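Trainee: Data file query.txt (compact mmCIF, C-alpha atoms) is appended below.
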# COMPACT_ATOMS: atom_id res chain seq x y z
CA MET A 210 68.75 321.72 107.41
CA ASP A 211 69.55 318.10 106.40
CA ASP A 212 66.66 315.69 106.01
CA PRO A 213 67.10 312.77 108.51
CA SER A 214 65.34 310.39 106.13
CA SER A 215 67.84 311.12 103.36
CA SER A 216 70.68 310.48 105.82
CA ILE A 217 69.13 307.13 106.74
CA ASP A 218 68.71 306.28 103.08
CA SER A 219 72.35 307.06 102.34
CA VAL A 220 73.52 304.90 105.27
CA PHE A 221 71.22 302.11 104.12
CA TRP A 222 72.57 302.10 100.58
CA LEU A 223 76.18 302.51 101.69
CA THR A 224 75.75 299.52 104.01
CA CYS A 225 74.15 297.48 101.23
CA GLY A 226 77.05 298.41 98.94
CA ALA A 227 79.57 297.38 101.60
CA ILE A 228 77.79 294.04 102.07
CA ALA A 229 77.82 293.45 98.30
CA CYS A 230 81.55 294.21 98.17
CA LEU A 231 82.22 291.87 101.08
CA LEU A 232 80.22 289.11 99.38
CA ALA A 233 82.30 289.63 96.25
CA VAL A 234 85.50 289.33 98.29
CA SER A 235 84.11 286.21 99.96
CA ALA A 236 83.30 284.75 96.51
CA PHE A 237 86.88 285.50 95.45
CA PHE A 238 88.30 283.66 98.46
CA SER A 239 85.95 280.67 98.01
CA GLY A 240 86.66 280.34 94.31
CA SER A 241 90.40 280.73 94.87
CA GLU A 242 90.43 278.04 97.54
CA THR A 243 88.63 275.58 95.26
CA ALA A 244 90.76 276.38 92.20
CA LEU A 245 94.12 276.22 93.98
CA THR A 246 93.34 273.00 95.84
CA ALA A 247 91.59 271.22 92.95
CA SER A 248 94.05 272.18 90.21
CA SER A 249 96.52 269.58 89.03
CA ARG A 250 100.14 270.52 89.66
CA SER A 251 101.16 268.56 86.58
CA LYS A 252 98.78 270.61 84.41
CA LEU A 253 99.97 273.82 86.03
CA GLN A 254 103.56 272.76 85.38
CA ALA A 255 102.69 272.11 81.73
CA ARG A 256 101.21 275.62 81.48
CA ALA A 257 104.23 277.09 83.25
CA ASP A 258 106.56 275.31 80.82
CA LYS A 259 104.74 277.11 78.01
CA GLY A 260 105.55 280.45 79.63
CA GLU A 261 102.30 281.22 81.51
CA THR A 262 103.35 283.43 84.41
CA GLY A 263 100.02 282.88 86.18
CA ALA A 264 100.62 279.13 86.29
CA GLN A 265 104.12 279.72 87.64
CA ALA A 266 102.65 281.91 90.40
CA ALA A 267 100.03 279.24 91.17
CA LEU A 268 102.76 276.62 91.57
CA ARG A 269 104.67 278.85 93.98
CA VAL A 270 101.65 279.77 96.08
CA THR A 271 100.55 276.13 96.46
CA GLU A 272 103.95 274.92 97.71
CA ASP A 273 102.92 275.55 101.32
CA SER A 274 99.33 274.30 101.31
CA GLU A 275 98.84 274.78 105.06
CA LYS A 276 99.84 278.44 104.89
CA LEU A 277 97.69 278.98 101.79
CA ILE A 278 94.55 277.43 103.27
CA GLY A 279 95.07 279.29 106.54
CA ALA A 280 95.28 282.67 104.81
CA ILE A 281 92.25 282.01 102.59
CA LEU A 282 90.10 280.75 105.45
CA LEU A 283 91.11 283.67 107.65
CA GLY A 284 90.27 286.21 104.98
CA ASN A 285 87.03 284.45 104.05
CA ASN A 286 85.81 284.23 107.64
CA VAL A 287 86.63 287.88 108.34
CA VAL A 288 84.63 289.17 105.37
CA ASN A 289 81.72 286.77 106.01
CA ILE A 290 81.46 287.74 109.67
CA LEU A 291 81.79 291.42 108.82
CA SER A 292 79.08 291.23 106.14
CA ALA A 293 76.77 289.35 108.52
CA SER A 294 77.37 291.96 111.23
CA LEU A 295 76.58 294.84 108.87
CA ALA A 296 73.42 293.10 107.66
CA THR A 297 72.30 292.48 111.26
CA ALA A 298 72.91 296.11 112.26
CA LEU A 299 71.11 297.39 109.14
CA LEU A 300 68.04 295.19 109.41
CA THR A 301 67.81 295.67 113.17
CA ARG A 302 67.61 299.43 112.61
CA VAL A 303 64.93 298.95 109.94
CA LEU A 304 62.88 296.05 111.40
CA GLY A 305 63.71 296.19 115.07
CA SER A 306 64.34 293.00 117.05
CA SER A 307 63.05 290.81 114.21
CA GLY A 308 65.92 292.10 112.09
CA VAL A 309 68.33 289.57 113.61
CA ALA A 310 66.34 286.62 112.27
CA MET A 311 65.83 288.31 108.92
CA ALA A 312 69.57 289.14 108.66
CA THR A 313 70.45 285.50 109.41
CA LEU A 314 68.07 284.24 106.72
CA VAL A 315 69.07 286.79 104.07
CA MET A 316 72.82 286.46 104.63
CA THR A 317 72.63 282.66 104.67
CA VAL A 318 70.98 282.70 101.25
CA LEU A 319 73.32 285.35 99.84
CA VAL A 320 76.50 283.74 101.16
CA LEU A 321 75.41 280.26 100.07
CA ILE A 322 74.54 281.28 96.52
CA PHE A 323 76.90 284.12 95.67
CA ALA A 324 79.88 283.49 97.97
CA GLU A 325 80.04 279.70 98.04
CA VAL A 326 78.18 277.63 95.44
CA MET A 327 78.50 279.92 92.41
CA PRO A 328 82.24 280.75 92.66
CA LYS A 329 83.19 277.19 93.62
CA THR A 330 81.15 275.74 90.76
CA TYR A 331 82.91 278.00 88.30
CA ALA A 332 86.32 277.30 89.82
CA ILE A 333 85.91 273.52 89.75
CA SER A 334 84.94 273.66 86.07
CA ALA A 335 88.32 275.15 85.10
CA PRO A 336 90.62 274.93 88.15
CA GLU A 337 93.95 275.51 86.36
CA LYS A 338 92.63 278.57 84.50
CA VAL A 339 91.14 280.13 87.65
CA ALA A 340 94.21 279.23 89.74
CA SER A 341 96.43 281.07 87.24
CA LEU A 342 94.21 284.17 87.47
CA VAL A 343 93.96 284.35 91.27
CA ALA A 344 97.48 283.21 92.20
CA ARG A 345 99.08 286.69 92.39
CA PRO A 346 96.42 288.42 94.57
CA ILE A 347 96.20 285.34 96.81
CA ARG A 348 99.98 285.40 97.21
CA LEU A 349 99.73 289.03 98.32
CA VAL A 350 96.97 288.13 100.81
CA THR A 351 99.09 285.25 102.10
CA ILE A 352 102.04 287.57 102.70
CA ILE A 353 99.89 290.18 104.50
CA LEU A 354 98.15 287.62 106.73
CA SER A 355 101.21 285.42 107.32
CA PRO A 356 101.86 286.67 110.91
CA VAL A 357 98.31 285.86 111.99
CA VAL A 358 98.36 282.55 110.09
CA ALA A 359 101.64 281.61 111.77
CA VAL A 360 100.08 282.09 115.20
CA VAL A 361 97.02 280.07 114.18
CA ARG A 362 99.24 277.26 112.86
CA VAL A 363 101.09 277.04 116.18
CA ILE A 364 97.81 276.88 118.09
CA VAL A 365 96.34 274.24 115.74
CA ARG A 366 99.43 272.05 115.85
CA GLY A 367 99.56 272.35 119.63
CA ILE A 368 95.95 271.20 119.95
CA LEU A 369 96.49 268.31 117.53
CA ALA A 370 99.64 267.31 119.40
CA LEU A 371 97.57 266.91 122.56
CA PHE A 372 95.65 264.18 120.74
CA GLY A 373 98.80 262.54 119.42
CA LEU A 374 98.39 263.86 115.88
CA LYS A 375 101.31 265.32 113.96
CA THR A 376 101.09 267.36 110.78
CA ASP A 377 103.70 267.98 108.12
CA ALA A 378 102.82 270.58 105.52
CA GLY A 379 105.58 269.37 103.23
CA ALA A 380 104.44 265.75 103.22
CA HIS A 381 102.21 264.41 100.48
CA MET A 382 99.53 261.88 101.26
CA PHE A 383 100.12 260.02 97.97
CA SER A 384 103.25 259.51 95.92
CA ILE A 385 103.48 260.65 92.34
CA GLU A 386 103.24 257.01 91.21
CA GLU A 387 100.03 256.52 93.19
CA GLU A 388 98.52 259.67 91.72
CA ILE A 389 99.34 258.55 88.18
CA ALA A 390 98.03 255.03 88.86
CA GLY A 391 94.81 256.46 90.27
CA ALA A 392 94.39 258.74 87.26
CA LEU A 393 94.90 255.79 84.90
CA SER A 394 92.34 253.68 86.77
CA ILE A 395 89.81 256.49 86.62
CA GLY A 396 90.56 257.04 82.94
CA HIS A 397 90.09 253.35 82.19
CA ALA A 398 86.84 253.20 84.15
CA SER A 399 85.48 256.17 82.18
CA GLY A 400 86.60 254.72 78.86
CA ALA A 401 89.18 257.43 78.15
CA VAL A 402 92.15 255.05 78.53
CA HIS A 403 92.34 251.64 76.85
CA LYS A 404 93.14 248.64 79.02
CA GLU A 405 96.33 247.87 77.06
CA ASP A 406 97.59 251.45 77.48
CA ARG A 407 96.76 251.39 81.19
CA ASP A 408 98.57 248.07 81.68
CA ARG A 409 101.69 249.29 79.88
CA LEU A 410 101.90 252.51 81.87
CA LEU A 411 101.18 250.78 85.18
CA GLY A 412 103.76 248.11 84.34
CA ALA A 413 106.42 250.77 83.76
CA LEU A 414 105.50 252.55 87.00
CA ASP A 415 105.62 249.31 88.98
CA LEU A 416 109.14 248.22 88.00
CA GLY A 417 110.64 249.85 91.07
CA ASN A 418 108.28 247.91 93.35
CA ARG A 419 108.99 244.48 91.88
CA THR A 420 112.08 242.31 92.24
CA VAL A 421 113.96 239.94 89.97
CA GLU A 422 112.72 237.00 92.03
CA GLU A 423 109.13 237.67 90.95
CA ILE A 424 109.73 237.30 87.22
CA MET A 425 112.77 235.02 86.94
CA ARG A 426 112.68 231.63 85.26
CA HIS A 427 113.11 229.01 87.99
CA ARG A 428 116.30 226.95 87.91
CA SER A 429 114.30 223.77 87.28
CA GLU A 430 113.21 225.23 83.93
CA ILE A 431 116.65 226.44 82.80
CA GLN A 432 118.23 224.68 79.83
CA MET A 433 121.94 224.20 80.54
CA ILE A 434 124.97 222.71 78.82
CA ASP A 435 127.50 220.45 80.50
CA ALA A 436 130.99 221.75 79.75
CA ASP A 437 132.28 218.16 79.53
CA MET A 438 129.83 217.11 76.81
CA ALA A 439 131.11 216.05 73.40
CA PRO A 440 131.21 218.84 70.79
CA GLU A 441 128.55 217.09 68.69
CA ARG A 442 126.14 216.95 71.62
CA ILE A 443 126.86 220.57 72.58
CA LEU A 444 126.09 221.74 69.06
CA GLU A 445 122.94 219.63 68.96
CA ALA A 446 121.74 221.02 72.31
CA VAL A 447 122.30 224.62 71.22
CA LEU A 448 120.57 224.17 67.87
CA SER A 449 117.56 222.42 69.40
CA SER A 450 117.08 225.09 72.08
CA PRO A 451 114.72 228.04 71.41
CA HIS A 452 117.14 230.26 73.37
CA THR A 453 120.22 231.98 71.99
CA ARG A 454 122.08 232.08 75.32
CA LEU A 455 122.57 229.00 77.48
CA PRO A 456 124.39 228.67 80.84
CA VAL A 457 127.35 226.30 80.96
CA TYR A 458 127.98 224.25 84.11
CA LYS A 459 130.78 221.99 85.24
CA ASP A 460 130.29 218.87 87.38
CA GLU A 461 126.95 220.06 88.85
CA ARG A 462 124.20 222.43 87.70
CA GLU A 463 124.81 224.78 90.62
CA ASN A 464 128.35 225.39 89.37
CA VAL A 465 127.72 227.72 86.42
CA VAL A 466 131.04 228.63 84.82
CA GLY A 467 129.92 230.55 81.74
CA VAL A 468 127.21 231.50 79.28
CA VAL A 469 127.48 230.53 75.64
CA HIS A 470 125.82 232.47 72.83
CA ALA A 471 124.65 230.44 69.83
CA LYS A 472 126.33 232.85 67.40
CA ASP A 473 129.69 232.61 69.19
CA LEU A 474 129.47 228.81 69.17
CA LEU A 475 128.58 228.67 65.48
CA ARG A 476 131.46 231.02 64.63
CA ALA A 477 133.84 228.67 66.47
CA VAL A 478 132.38 225.66 64.64
CA ASN A 479 132.70 227.48 61.34
CA ARG A 480 136.35 228.25 62.00
CA SER A 481 136.98 224.61 62.86
CA VAL A 482 135.23 223.31 59.76
CA ARG A 483 137.07 225.73 57.46
CA ASP A 484 140.46 224.76 58.90
CA GLN A 485 141.38 222.18 56.23
CA ARG A 486 144.92 221.70 57.51
CA ASP A 487 143.72 219.81 60.62
CA PRO A 488 141.04 217.19 59.90
CA MET A 489 140.43 216.75 63.64
CA ALA A 490 139.88 220.47 64.31
CA ASP A 491 136.10 220.09 64.45
CA ARG A 492 136.55 217.45 67.14
CA ARG A 493 138.47 219.76 69.48
CA LEU A 494 135.85 222.47 70.03
CA ASP A 495 136.73 224.35 73.22
CA LEU A 496 133.40 225.43 74.68
CA MET A 497 134.92 227.54 77.46
CA ALA A 498 136.95 229.51 74.92
CA VAL A 499 133.75 230.95 73.41
CA ALA A 500 131.68 231.15 76.60
CA MET A 501 131.20 234.51 78.31
CA PRO A 502 131.74 234.94 82.05
CA PRO A 503 128.47 234.45 83.97
CA TYR A 504 126.73 237.53 85.35
CA PHE A 505 125.08 236.95 88.74
CA VAL A 506 122.51 239.22 90.38
CA PRO A 507 120.75 239.03 93.77
CA GLU A 508 117.14 237.88 93.76
CA THR A 509 116.11 241.04 95.65
CA THR A 510 117.24 243.44 92.90
CA ALA A 511 114.48 245.82 91.78
CA LEU A 512 113.44 245.47 88.15
CA ASP A 513 114.09 249.09 87.20
CA GLU A 514 117.59 248.86 88.68
CA GLN A 515 118.25 245.57 86.87
CA MET A 516 117.09 247.03 83.56
CA ARG A 517 119.52 249.92 83.98
CA GLU A 518 122.31 247.44 84.70
CA PHE A 519 121.47 245.43 81.59
CA LEU A 520 121.62 248.57 79.45
CA LYS A 521 124.82 249.72 81.15
CA ARG A 522 126.57 246.36 80.70
CA ARG A 523 125.13 245.85 77.20
CA THR A 524 123.96 242.39 78.11
CA HIS A 525 120.53 240.77 78.21
CA PHE A 526 121.10 237.77 80.46
CA ALA A 527 121.75 237.30 84.18
CA LEU A 528 121.73 234.39 86.61
CA VAL A 529 119.84 234.94 89.86
CA VAL A 530 121.27 233.84 93.20
CA ASP A 531 119.97 233.99 96.77
CA GLU A 532 121.71 235.40 99.83
CA TYR A 533 123.80 232.23 100.15
CA GLY A 534 124.99 232.36 96.54
CA SER A 535 122.87 229.40 95.45
CA LEU A 536 121.41 229.48 91.96
CA ARG A 537 117.71 230.41 91.96
CA GLY A 538 116.99 231.07 88.30
CA LEU A 539 117.71 233.43 85.44
CA VAL A 540 116.31 236.71 84.19
CA THR A 541 116.62 238.45 80.84
CA LEU A 542 115.99 241.95 79.56
CA GLU A 543 113.04 240.55 77.62
CA ASP A 544 111.48 239.34 80.88
CA ILE A 545 111.58 242.87 82.27
CA ILE A 546 110.22 244.43 79.08
CA GLU A 547 107.35 241.91 79.14
CA GLU A 548 106.33 243.35 82.50
CA ILE A 549 105.57 246.56 80.59
CA VAL A 550 104.29 245.48 77.17
CA GLY A 551 102.99 242.00 77.95
CA GLU A 552 104.04 238.63 76.53
CA ILE A 553 106.53 238.77 73.63
CA THR A 554 106.59 235.71 71.38
CA ASP A 555 108.41 234.81 68.20
CA GLU A 556 108.61 231.86 65.80
CA HIS A 557 111.07 230.02 68.06
CA ASP A 558 109.01 230.17 71.27
CA THR A 559 107.85 226.71 72.34
CA GLU A 560 105.94 227.73 75.46
CA ALA A 561 102.19 227.29 75.42
CA ASP A 562 100.06 230.28 74.57
CA GLN A 563 98.86 231.71 77.87
CA THR A 564 96.00 233.72 76.39
CA LEU A 565 93.05 232.82 78.58
CA LYS A 566 89.58 232.08 77.27
CA PRO A 567 86.60 231.11 79.45
CA SER A 568 84.83 227.80 79.14
CA PRO A 569 81.02 227.72 78.78
CA GLN A 570 80.86 227.34 82.58
CA GLY A 571 83.02 230.45 83.08
CA ASP A 572 86.19 228.57 84.10
CA TYR A 573 89.65 229.63 82.96
CA LEU A 574 92.22 226.84 82.47
CA VAL A 575 95.46 228.26 83.85
CA GLU A 576 99.00 226.88 83.94
CA GLY A 577 100.25 226.55 87.50
CA GLY A 578 103.42 228.43 86.65
CA MET A 579 101.56 231.47 85.33
CA THR A 580 102.31 234.52 87.41
CA ILE A 581 99.51 236.12 89.38
CA ARG A 582 100.45 239.45 87.84
CA ASP A 583 99.91 238.12 84.30
CA LEU A 584 96.59 236.57 85.34
CA ASN A 585 95.41 239.83 86.89
CA ARG A 586 96.55 241.79 83.86
CA GLN A 587 94.75 239.57 81.34
CA LEU A 588 91.46 239.23 83.19
CA ASP A 589 91.44 242.50 85.15
CA TRP A 590 91.34 240.55 88.41
CA SER A 591 92.87 241.56 91.73
CA LEU A 592 94.35 238.38 93.22
CA PRO A 593 97.06 239.26 95.78
CA ASP A 594 100.68 238.54 94.88
CA ASP A 595 102.25 239.42 98.24
CA GLU A 596 102.81 235.83 99.41
CA ALA A 597 103.29 234.04 96.08
CA ASN A 598 104.36 234.86 92.54
CA THR A 599 102.54 232.10 90.66
CA VAL A 600 98.96 230.83 90.70
CA ALA A 601 100.10 227.42 91.96
CA GLY A 602 102.13 229.11 94.71
CA LEU A 603 99.07 231.09 95.81
CA VAL A 604 96.96 227.92 96.09
CA ILE A 605 99.70 226.12 98.04
CA HIS A 606 100.08 229.11 100.35
CA MET A 607 96.36 229.35 101.05
CA ALA A 608 95.93 225.59 101.45
CA GLN A 609 99.06 225.31 103.65
CA SER A 610 99.81 222.05 101.81
CA ILE A 611 100.27 220.65 98.32
CA PRO A 612 96.70 219.87 97.19
CA ASP A 613 95.72 216.66 95.44
CA GLN A 614 94.31 216.52 91.96
CA GLY A 615 90.61 217.42 91.95
CA GLN A 616 90.66 219.41 95.19
CA VAL A 617 88.63 222.64 95.18
CA PHE A 618 89.30 225.81 97.18
CA SER A 619 87.55 229.14 97.51
CA PHE A 620 89.40 232.25 98.65
CA HIS A 621 89.80 235.92 97.70
CA GLY A 622 86.46 235.74 95.88
CA TYR A 623 87.52 232.99 93.41
CA ARG A 624 87.09 229.24 93.04
CA PHE A 625 90.26 227.19 92.39
CA GLU A 626 90.21 223.58 91.21
CA VAL A 627 93.42 221.55 90.85
CA VAL A 628 93.21 219.90 87.43
CA THR A 629 96.61 218.19 87.18
CA ARG A 630 99.49 217.66 89.56
CA ARG A 631 102.92 216.30 88.67
CA GLU A 632 104.88 215.05 91.67
CA ASN A 633 104.89 218.07 94.03
CA ARG A 634 103.97 220.60 91.38
CA ILE A 635 100.50 221.87 90.50
CA THR A 636 100.62 222.13 86.73
CA ARG A 637 97.07 223.19 85.81
CA LEU A 638 94.10 224.74 87.56
CA LYS A 639 90.60 225.90 86.77
CA ILE A 640 89.72 229.33 88.16
CA ARG A 641 86.56 231.40 88.07
CA PRO A 642 85.03 234.14 90.19
CA LEU A 643 82.74 232.87 92.93
CA ALA A 644 79.79 234.80 91.49
CA ALA A 645 80.19 232.94 88.19
CA ALA A 646 80.72 229.68 90.08
CA ARG A 647 77.45 230.05 91.98
CA ALA A 648 75.63 230.97 88.79
CA GLY A 649 76.97 227.86 87.06
CA GLU A 650 75.98 225.59 89.96
CA SER A 651 72.46 226.99 90.08
Written as structure tokens, that's how I'd like the structure from this file.
Mentor:
Amino acid sequence: MDDPSSSIDSVFWLTCGAIACLLAVSAFFSGSETALTASSRSKLQARADKGETGAQAALRVTEDSEKLIGAILLGNNVVNILSASLATALLTRVLGSSGVAMATLVMTVLVLIFAEVMPKTYAISAPEKVASLVARPIRLVTIILSPVVAVVRVIVRGILALFGLKTDAGAHMFSIEEEIAGALSIGHASGAVHKEDRDRLLGALDLGNRTVEEIMRHRSEIQMIDADMAPERILEAVLSSPHTRLPVYKDERENVVGVVHAKDLLRAVNRSVRDQRDPMADRRLDLMAVAMPPYFVPETTALDEQMREFLKRRTHFALVVDEYGSLRGLVTLEDIIEEIVGEITDEHDTEADQTLKPSPQGDYLVEGGMTIRDLNRQLDWSLPDDEANTVAGLVIHMAQSIPDQGQVFSFHGYRFEVVTRRENRITRLKIRPLAAARAGES
């Protein structure tokens, strides 16, 4: 005759074994969820490119994140509820009515430690590695539970729709550019990425979001040549200019009829000088014969698109016009490259060095024409450039007028003082953060 006590013991240990197995399955689901959601798709793609089949499976299984999370949560909740039910039944049989409270306490501790914290801690320490290991079994679970998950998704979306919320599993909250920019900012903050490297990479990423208008040289600063000038004066103007390409206008500066390259002009002069048969040949230099046709671009052209056009046309120089065809300025390939690598100077550059150094009071003396982007890049500031491209333009926009010399303004967390003004242009300003300004005044 069988011993009832031995039967009870066998049921007890079988139930304990079943609970342990369920906790292990719960740990698998918890760790898989953390690994698959925390892993970087770029790192998984790099592993997949090296031939890791697990990484390839992880990429496939994470394509539909809503379906993946639904299957994992469904499986995890089923095993957790089942393990809690078995523990309650077991301890109730052993301890009576107090077994419910004991089962709640014991299962809470076991689930928290072994099914949640421990597997998730391990998964977050090496998410790509764990994701590659669990991808295939999770894909199988997803396929098996897909009918139930589909019903749950319909119910969830219906409830959210009642509150005016719409979900799209295929939509990403952040663009790839935003993810890279965020990673660079975090890397710089932690010291893993140098500021110069961060600025170069962010500058390259940002070309598609910036337009020619933001970096062009304004028409008031363009050196031009009058097509009707005497050959001697034309040659003198070209040789005295730091630029190798100069626009040519006729009658008025708005009427640009060509662009002359210094080399082409010097070749023409050389031919004229070497022509000994005609002593007046050097006097009849035809500027338009050596000038190239002007290349006009809209001011709204994105920088990445304009760079591609420069490379396609094999030219480095374009004149910028507005929607009415009026001349606004000029842009070069070097201007676009400087948005990535920073200021490029050579022995012929006559512009003032815009490297900023603080005064003993913490002020930075800034040219009014300096772009807000360059100022932010040099000093790691965050002045907005939505309403103006230059520092002077920002002050005029915020003041809603052209300030007088000596006027002081405070906005966006910085103190601005107009140092010099020439006619209607602010040429120099002093800028410092308000915290430094208050410290200097105290």
Trainee: Of the candidates A:Arg480, A:His525, A:His470, A:Lys404, which one gets nearest to Val457 in chain A if we count all atoms listed in the file?
Mentor: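 Selected residue with least distance to Val457 in chain A: A:His470.
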Trainee: Measuring atom to atom with all atoms listed in the file, identify which of A:Val540, A:Ala446, A:Leu414, A:Ala601 is nearest to Glu430 in chain A.
Mentor: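 Checking each of A:Val540, A:Ala446, A:Leu414, A:Ala601 against Glu430 in chain A, counting all atoms listed in the file, the winner is A:Val540.
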Trainee: Which residues, written as a PyMOL selection string, have at least one atom at most 7 Å from range 229-241 of chain A, with only C-alpha atoms counted and residues fewer than 5 positions away on the same chain left out?
Mentor: chain A and resi 281+285+288-289+292+320+323-325+328-329+332+340+343
Trainee: Using all atoms listed in the file for the distances, tell me which of A:Val627, A:Ala255, A:Met579, A:Glu518 is nearest to Gln614 in chain A.
Mentor: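 Under the stated criterion, the closest residue is A:Val627.
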Trainee: Can you check which parts of range 299-379 of chain A lie within 8 Å of range 263-270 of chain A? Per residue, the shortest pair of atoms and distance in Å to one decimal, counting only C-alpha atoms, sorted by chain and number, as a Markdown table.
Mentor:
| residue | atom | partner | partner_atom | distance |
| --- | --- | --- | --- | --- |
| A:Glu337 | CA | A:Ala264 | CA | 7.6 |
| A:Ala340 | CA | A:Ala267 | CA | 6.0 |
| A:Ser341 | CA | A:Gly263 | CA | 4.2 |
| A:Leu342 | CA | A:Gly263 | CA | 6.1 |
| A:Val343 | CA | A:Ala267 | CA | 7.9 |
| A:Ala344 | CA | A:Ala267 | CA | 4.8 |
| A:Arg345 | CA | A:Ala266 | CA | 6.3 |
| A:Ile347 | CA | A:Val270 | CA | 7.8 |
| A:Arg348 | CA | A:Val270 | CA | 6.0 |
Trainee: Could you save the residues just selected, with C-alpha atoms, as a PDB file, keeping the file's coordinate frame?
Mentor:
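Generated file (out36.pdb):
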ATOM      1  CA  GLU A 337      93.950 275.510  86.360  1.00  0.00           C
ATOM      2  CA  ALA A 340      94.210 279.230  89.740  1.00  0.00           C
ATOM      3  CA  SER A 341      96.430 281.070  87.240  1.00  0.00           C
ATOM      4  CA  LEU A 342      94.210 284.170  87.470  1.00  0.00           C
ATOM      5  CA  VAL A 343      93.960 284.350  91.270  1.00  0.00           C
ATOM      6  CA  ALA A 344      97.480 283.210  92.200  1.00  0.00           C
ATOM      7  CA  ARG A 345      99.080 286.690  92.390  1.00  0.00           C
ATOM      8  CA  ILE A 347      96.200 285.340  96.810  1.00  0.00           C
ATOM      9  CA  ARG A 348      99.980 285.400  97.210  1.00  0.00           C
TER      10      ARG A 348
END
Trainee: Which residues are near Gln616 in chain A? Cut-off 9 Å, all atoms listed in the file, ignore same chain within fewer than 3 positions. Put them as a list in words.
Mentor: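 Once the adjacent positions are removed, what remains is Pro612, Asp613, Phe625, Glu626, Val627 and Val628 of chain A.
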Trainee: For Gly284 in chain A, which of A:Arg419, A:Tyr573, A:His403, A:Ser355 is the closest residue, counting all atoms listed in the file?
Mentor: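 Closest residue, counting all atoms listed in the file: A:Ser355.
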Trainee: Can you work out the spacing between CA of Thr297 in chain A and CA of Val361 in chain A in Å, to one decimal?
Mentor: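 Computing it gives 27.8 Å between the two atoms.
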Trainee: Between A:Leu444, A:Val478, A:Leu416, A:Val365, single out the one closest to Asp513 in chain A, counting all atoms listed in the file.
Mentor: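 Under the stated criterion, the closest residue is A:Leu416.
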Trainee: Pick from A:Ala296, A:Glu461, A:Ala247, A:Leu565: nearest to Val315 in chain A, with all atoms listed in the file counted?
Mentor: A:Ala296
Trainee: Could you state the separation of CA of Ile611 in chain A and CA of Glu532 in chain A in Å, given to one decimal place?
Mentor: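 Taking CA of Ile611 in chain A as the start and CA of Glu532 in chain A as the end point, the length is 26.1 Å.
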Trainee: Please produce, as a tab-separated table, a per-residue contact table for range 384-447 of chain A versus range 507-510 of chain A (criterion: any atom at most 8 Å away, only C-alpha atoms considered), showing the nearest atom pair and its distance in Å to one decimal, sorted by chain then residue number.
Mentor:
residue	atom	partner	partner_atom	distance
A:Thr420	CA	A:Thr510	CA	5.3
A:Val421	CA	A:Glu508	CA	5.4
A:Glu422	CA	A:Glu508	CA	4.8
Trainee: Please, what distance in Å, to one decimal, runs between CA of Arg454 in chain A and CA of Leu496 in chain A?
Mentor: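 CA of Leu496 in chain A lies 13.1 Å from CA of Arg454 in chain A.
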Trainee: Env of Arg641 in chain A: 7 Å cut, atoms = all atoms listed in the file, seq-sep filter 6 positions within chain, self excluded. Answer as a PDB file with C-alpha atoms, in the frame of the given file.
Mentor:
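out-v1.pdb, freshly written:
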ATOM      1  CA  GLY A 571      83.020 230.450  83.080  1.00  0.00           C
ATOM      2  CA  ASP A 572      86.190 228.570  84.100  1.00  0.00           C
ATOM      3  CA  TYR A 573      89.650 229.630  82.960  1.00  0.00           C
ATOM      4  CA  TYR A 623      87.520 232.990  93.410  1.00  0.00           C
ATOM      5  CA  ARG A 624      87.090 229.240  93.040  1.00  0.00           C
TER       6      ARG A 624
END
